[in-house]
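A quick write-up on the structure given underneath.
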Amino acid sequence: MKPIALIAGLAAAVLPVQDMPRPDKLEQHVWLQQLVGEWTATSEATMGPGAEPMRLESTETARSLDGLWIVAEGSASFDGKPFTSILTLGYDPNKKAFVGTWVDTMQTHMWTYSGTLDEAKRVLTLATEGPSFEDPSKTCKFRDVIEIKGPDQKTLTSSMQNQDGTWNTFMRADYRRKKK
């Protein structure tokens, strides 16, 4: 048995569920809640030098897990094939960082995020590492940036660090909250 599962099992045996302490919701957890909702997105991605930009329309449904986490499921059609993604985001006060993951139906790599919020509390920058577009047997640094443009508008940009240390933005998605 894994140590965490053992500890959780022991805690559950000792403490009734109603007596287990609940984590405090911090301002970072509250910030994440503005991402909850139904969204539509228009995206443009360029996957290599000289390649034609690909454009696609997608949807995202993001829900809250008790105000501590958000889970967002995206869906689109990519070259006529269905595409699904799952994003998780939360804040870990021990790491003093936003944390999360990304998985999708077009790759086997699980992206693991660590991020920070800018002083204006509008831009969340998530750092990760993953397979290089140039050589998938090697990894490189990536960053996804979520910027809040207004209560019903956000953008996501994805960038990859080049070998010379510069950053190349290869994807941008403009999101609008669906009206009820």
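Just remember, in the structure tokens the first chain shown is A, the second B, etc., residues are 1-based per chain, and ligands are 1-based in the order shown.
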Open item on the list: Show me, as an MDAnalysis selection string, the residues that have an atom within 7 Å of A:Met54 when counting only C-alpha atoms, minus same-chain residues fewer than 6 positions from it.
Closed with: chainID A and resid 44:46
Tell me which protein, DNA and RNA residues are within 9 Å of stretch 115-129 of chain A, counting only C-alpha atoms, leaving out same-chain ones fewer than 6 positions away, and put them as a PDB file with N, CA and C atoms, in the first residue's frame.
ATOM      1  N   GLN A  28      -6.299  32.558  -3.321  1.00  0.00           N
ATOM      2  CA  GLN A  28      -5.933  31.899  -4.572  1.00  0.00           C
ATOM      3  C   GLN A  28      -7.025  30.905  -4.999  1.00  0.00           C
ATOM      4  N   TRP A  31      -9.778  32.949  -6.382  1.00  0.00           N
ATOM      5  CA  TRP A  31      -9.433  33.427  -7.726  1.00  0.00           C
ATOM      6  C   TRP A  31      -9.788  32.382  -8.780  1.00  0.00           C
ATOM      7  N   TYR A  91      -4.573  25.350  -5.630  1.00  0.00           N
ATOM      8  CA  TYR A  91      -3.482  26.092  -5.018  1.00  0.00           C
ATOM      9  C   TYR A  91      -2.989  25.297  -3.826  1.00  0.00           C
ATOM     10  N   LYS A  96       3.293  27.083  -1.961  1.00  0.00           N
ATOM     11  CA  LYS A  96       3.077  28.491  -2.309  1.00  0.00           C
ATOM     12  C   LYS A  96       2.992  28.662  -3.830  1.00  0.00           C
ATOM     13  N   ALA A  97       2.218  27.755  -4.446  1.00  0.00           N
ATOM     14  CA  ALA A  97       2.106  27.748  -5.908  1.00  0.00           C
ATOM     15  C   ALA A  97       0.756  27.173  -6.330  1.00  0.00           C
ATOM     16  N   PHE A  98       0.290  27.647  -7.477  1.00  0.00           N
ATOM     17  CA  PHE A  98      -0.832  26.999  -8.127  1.00  0.00           C
ATOM     18  C   PHE A  98      -0.305  25.684  -8.692  1.00  0.00           C
ATOM     19  N   VAL A  99      -1.110  24.651  -8.649  1.00  0.00           N
ATOM     20  CA  VAL A  99      -0.696  23.343  -9.140  1.00  0.00           C
ATOM     21  C   VAL A  99      -1.812  22.788 -10.019  1.00  0.00           C
ATOM     22  N   GLY A 100      -1.450  21.889 -10.919  1.00  0.00           N
ATOM     23  CA  GLY A 100      -2.477  21.303 -11.762  1.00  0.00           C
ATOM     24  C   GLY A 100      -1.914  20.299 -12.744  1.00  0.00           C
ATOM     25  N   THR A 139      12.885  16.552 -23.683  1.00  0.00           N
ATOM     26  CA  THR A 139      11.897  17.439 -23.088  1.00  0.00           C
ATOM     27  C   THR A 139      12.384  18.886 -23.149  1.00  0.00           C
ATOM     28  N   CYS A 140      11.432  19.783 -23.035  1.00  0.00           N
ATOM     29  CA  CYS A 140      11.755  21.204 -22.947  1.00  0.00           C
ATOM     30  C   CYS A 140      10.711  21.870 -22.069  1.00  0.00           C
ATOM     31  N   LYS A 141      10.948  23.134 -21.763  1.00  0.00           N
ATOM     32  CA  LYS A 141      10.042  23.885 -20.900  1.00  0.00           C
ATOM     33  C   LYS A 141       8.904  24.476 -21.724  1.00  0.00           C
ATOM     34  N   PHE A 142       7.739  24.468 -21.114  1.00  0.00           N
ATOM     35  CA  PHE A 142       6.539  25.060 -21.692  1.00  0.00           C
ATOM     36  C   PHE A 142       5.922  25.965 -20.639  1.00  0.00           C
ATOM     37  N   ARG A 143       5.065  26.870 -21.088  1.00  0.00           N
ATOM     38  CA  ARG A 143       4.258  27.643 -20.152  1.00  0.00           C
ATOM     39  C   ARG A 143       2.894  27.926 -20.789  1.00  0.00           C
ATOM     40  N   ASP A 144       1.891  27.804 -19.964  1.00  0.00           N
ATOM     41  CA  ASP A 144       0.531  28.171 -20.345  1.00  0.00           C
ATOM     42  C   ASP A 144       0.157  29.375 -19.503  1.00  0.00           C
ATOM     43  N   VAL A 145      -0.422  30.371 -20.144  1.00  0.00           N
ATOM     44  CA  VAL A 145      -0.770  31.607 -19.460  1.00  0.00           C
ATOM     45  C   VAL A 145      -2.269  31.839 -19.632  1.00  0.00           C
ATOM     46  N   ILE A 146      -2.969  31.909 -18.495  1.00  0.00           N
ATOM     47  CA  ILE A 146      -4.392  32.225 -18.494  1.00  0.00           C
ATOM     48  C   ILE A 146      -4.525  33.675 -18.045  1.00  0.00           C
ATOM     49  N   GLU A 147      -5.129  34.487 -18.910  1.00  0.00           N
ATOM     50  CA  GLU A 147      -5.329  35.898 -18.574  1.00  0.00           C
ATOM     51  C   GLU A 147      -6.820  36.201 -18.519  1.00  0.00           C
ATOM     52  N   ILE A 148      -7.250  36.778 -17.407  1.00  0.00           N
ATOM     53  CA  ILE A 148      -8.643  37.192 -17.246  1.00  0.00           C
ATOM     54  C   ILE A 148      -8.800  38.559 -17.910  1.00  0.00           C
ATOM     55  N   LYS A 149      -9.636  38.619 -18.925  1.00  0.00           N
ATOM     56  CA  LYS A 149      -9.880  39.869 -19.651  1.00  0.00           C
ATOM     57  C   LYS A 149     -11.116  40.596 -19.127  1.00  0.00           C
TER      58      LYS A 149
END
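Within chain A, DSSP applied to the backbone places the following residues in helix (DSSP H, G or I): Pro3, Ile4, Ala5, Leu6, Ile7, Ala8, Gly9, Leu10, Ala11, Ala12, Ala13, Val14, Val17, Gln18, Asp19, Glu27, Gln28, His29, Val30, Trp31, Leu32, Gln33, Gln34 and Leu35 of chain A.
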Produce a file of the selected residues containing N, CA and C atoms, as a PDB file, in the first residue's frame.
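The resulting file, out-v4.pdb, is reproduced below:
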ATOM      1  N   PRO A   3       2.172   4.962   0.898  1.00  0.00           N
ATOM      2  CA  PRO A   3       2.129   5.666   2.184  1.00  0.00           C
ATOM      3  C   PRO A   3       0.953   6.630   2.330  1.00  0.00           C
ATOM      4  N   ILE A   4       0.626   7.364   1.283  1.00  0.00           N
ATOM      5  CA  ILE A   4      -0.471   8.327   1.374  1.00  0.00           C
ATOM      6  C   ILE A   4      -1.793   7.606   1.571  1.00  0.00           C
ATOM      7  N   ALA A   5      -1.998   6.511   0.824  1.00  0.00           N
ATOM      8  CA  ALA A   5      -3.232   5.747   0.973  1.00  0.00           C
ATOM      9  C   ALA A   5      -3.323   5.147   2.365  1.00  0.00           C
ATOM     10  N   LEU A   6      -2.203   4.685   2.897  1.00  0.00           N
ATOM     11  CA  LEU A   6      -2.178   4.125   4.245  1.00  0.00           C
ATOM     12  C   LEU A   6      -2.542   5.191   5.273  1.00  0.00           C
ATOM     13  N   ILE A   7      -1.953   6.371   5.155  1.00  0.00           N
ATOM     14  CA  ILE A   7      -2.237   7.472   6.087  1.00  0.00           C
ATOM     15  C   ILE A   7      -3.702   7.877   5.993  1.00  0.00           C
ATOM     16  N   ALA A   8      -4.218   8.009   4.760  1.00  0.00           N
ATOM     17  CA  ALA A   8      -5.619   8.386   4.582  1.00  0.00           C
ATOM     18  C   ALA A   8      -6.534   7.328   5.177  1.00  0.00           C
ATOM     19  N   GLY A   9      -6.192   6.065   4.965  1.00  0.00           N
ATOM     20  CA  GLY A   9      -6.986   4.971   5.523  1.00  0.00           C
ATOM     21  C   GLY A   9      -6.979   4.981   7.035  1.00  0.00           C
ATOM     22  N   LEU A  10      -5.807   5.204   7.635  1.00  0.00           N
ATOM     23  CA  LEU A  10      -5.712   5.272   9.091  1.00  0.00           C
ATOM     24  C   LEU A  10      -6.490   6.460   9.641  1.00  0.00           C
ATOM     25  N   ALA A  11      -6.380   7.601   8.981  1.00  0.00           N
ATOM     26  CA  ALA A  11      -7.102   8.793   9.427  1.00  0.00           C
ATOM     27  C   ALA A  11      -8.608   8.552   9.367  1.00  0.00           C
ATOM     28  N   ALA A  12      -9.078   7.914   8.306  1.00  0.00           N
ATOM     29  CA  ALA A  12     -10.505   7.631   8.173  1.00  0.00           C
ATOM     30  C   ALA A  12     -10.972   6.667   9.256  1.00  0.00           C
ATOM     31  N   ALA A  13     -10.114   5.725   9.641  1.00  0.00           N
ATOM     32  CA  ALA A  13     -10.474   4.761  10.679  1.00  0.00           C
ATOM     33  C   ALA A  13     -10.520   5.428  12.052  1.00  0.00           C
ATOM     34  N   VAL A  14      -9.666   6.414  12.283  1.00  0.00           N
ATOM     35  CA  VAL A  14      -9.569   7.068  13.578  1.00  0.00           C
ATOM     36  C   VAL A  14     -10.573   8.209  13.708  1.00  0.00           C
ATOM     37  N   VAL A  17     -15.594  11.011   9.332  1.00  0.00           N
ATOM     38  CA  VAL A  17     -15.466  11.951   8.216  1.00  0.00           C
ATOM     39  C   VAL A  17     -15.882  13.360   8.624  1.00  0.00           C
ATOM     40  N   GLN A  18     -16.957  13.490   9.386  1.00  0.00           N
ATOM     41  CA  GLN A  18     -17.416  14.824   9.760  1.00  0.00           C
ATOM     42  C   GLN A  18     -16.432  15.545  10.667  1.00  0.00           C
ATOM     43  N   ASP A  19     -15.509  14.809  11.313  1.00  0.00           N
ATOM     44  CA  ASP A  19     -14.532  15.424  12.205  1.00  0.00           C
ATOM     45  C   ASP A  19     -13.190  15.725  11.527  1.00  0.00           C
ATOM     46  N   GLU A  27      -7.289  33.126  -0.786  1.00  0.00           N
ATOM     47  CA  GLU A  27      -7.660  34.022  -1.890  1.00  0.00           C
ATOM     48  C   GLU A  27      -7.322  33.409  -3.251  1.00  0.00           C
ATOM     49  N   GLN A  28      -6.299  32.558  -3.321  1.00  0.00           N
ATOM     50  CA  GLN A  28      -5.933  31.899  -4.572  1.00  0.00           C
ATOM     51  C   GLN A  28      -7.025  30.905  -4.999  1.00  0.00           C
ATOM     52  N   HIS A  29      -7.617  30.212  -4.021  1.00  0.00           N
ATOM     53  CA  HIS A  29      -8.721  29.302  -4.337  1.00  0.00           C
ATOM     54  C   HIS A  29      -9.921  30.090  -4.856  1.00  0.00           C
ATOM     55  N   VAL A  30     -10.186  31.228  -4.223  1.00  0.00           N
ATOM     56  CA  VAL A  30     -11.292  32.086  -4.651  1.00  0.00           C
ATOM     57  C   VAL A  30     -11.027  32.591  -6.076  1.00  0.00           C
ATOM     58  N   TRP A  31      -9.778  32.949  -6.382  1.00  0.00           N
ATOM     59  CA  TRP A  31      -9.433  33.427  -7.726  1.00  0.00           C
ATOM     60  C   TRP A  31      -9.788  32.382  -8.780  1.00  0.00           C
ATOM     61  N   LEU A  32      -9.500  31.128  -8.486  1.00  0.00           N
ATOM     62  CA  LEU A  32      -9.767  30.057  -9.454  1.00  0.00           C
ATOM     63  C   LEU A  32     -11.252  29.919  -9.798  1.00  0.00           C
ATOM     64  N   GLN A  33     -12.129  30.309  -8.873  1.00  0.00           N
ATOM     65  CA  GLN A  33     -13.565  30.110  -9.086  1.00  0.00           C
ATOM     66  C   GLN A  33     -14.104  30.926 -10.262  1.00  0.00           C
ATOM     67  N   GLN A  34     -13.414  31.974 -10.673  1.00  0.00           N
ATOM     68  CA  GLN A  34     -13.880  32.744 -11.831  1.00  0.00           C
ATOM     69  C   GLN A  34     -13.713  31.971 -13.138  1.00  0.00           C
ATOM     70  N   LEU A  35     -12.988  30.851 -13.090  1.00  0.00           N
ATOM     71  CA  LEU A  35     -12.817  30.011 -14.272  1.00  0.00           C
ATOM     72  C   LEU A  35     -13.963  29.009 -14.425  1.00  0.00           C
TER      73      LEU A  35
END
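The residue that comes closest to A:Val71, out of A:Ser137, A:Pro93, A:Thr157, A:Glu38 and on the basis of only C-alpha atoms, is A:Glu38.
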TODO: Check the DSSP output for the backbone and give back, as a VMD selection string, the residues of stretch 12-114 of chain A in strand (DSSP E).
DONE: chain A and resid 37 to 45 54 to 65 69 to 78 81 to 92 97 to 104 111 to 114
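Nearest residue to A:Gly130, choosing from A:His109, A:Gly150, A:Pro23, A:Pro53 and counting only C-alpha atoms: A:His109.
From atom CA of A:Tyr175 back to atom CA of A:Thr59, the distance works out to 8.7 Å.
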TODO: Could you check how far atom CA of A:Arg176 sits from atom CA of A:Gln161, in Å to one decimal?
DONE: 28.0 Å
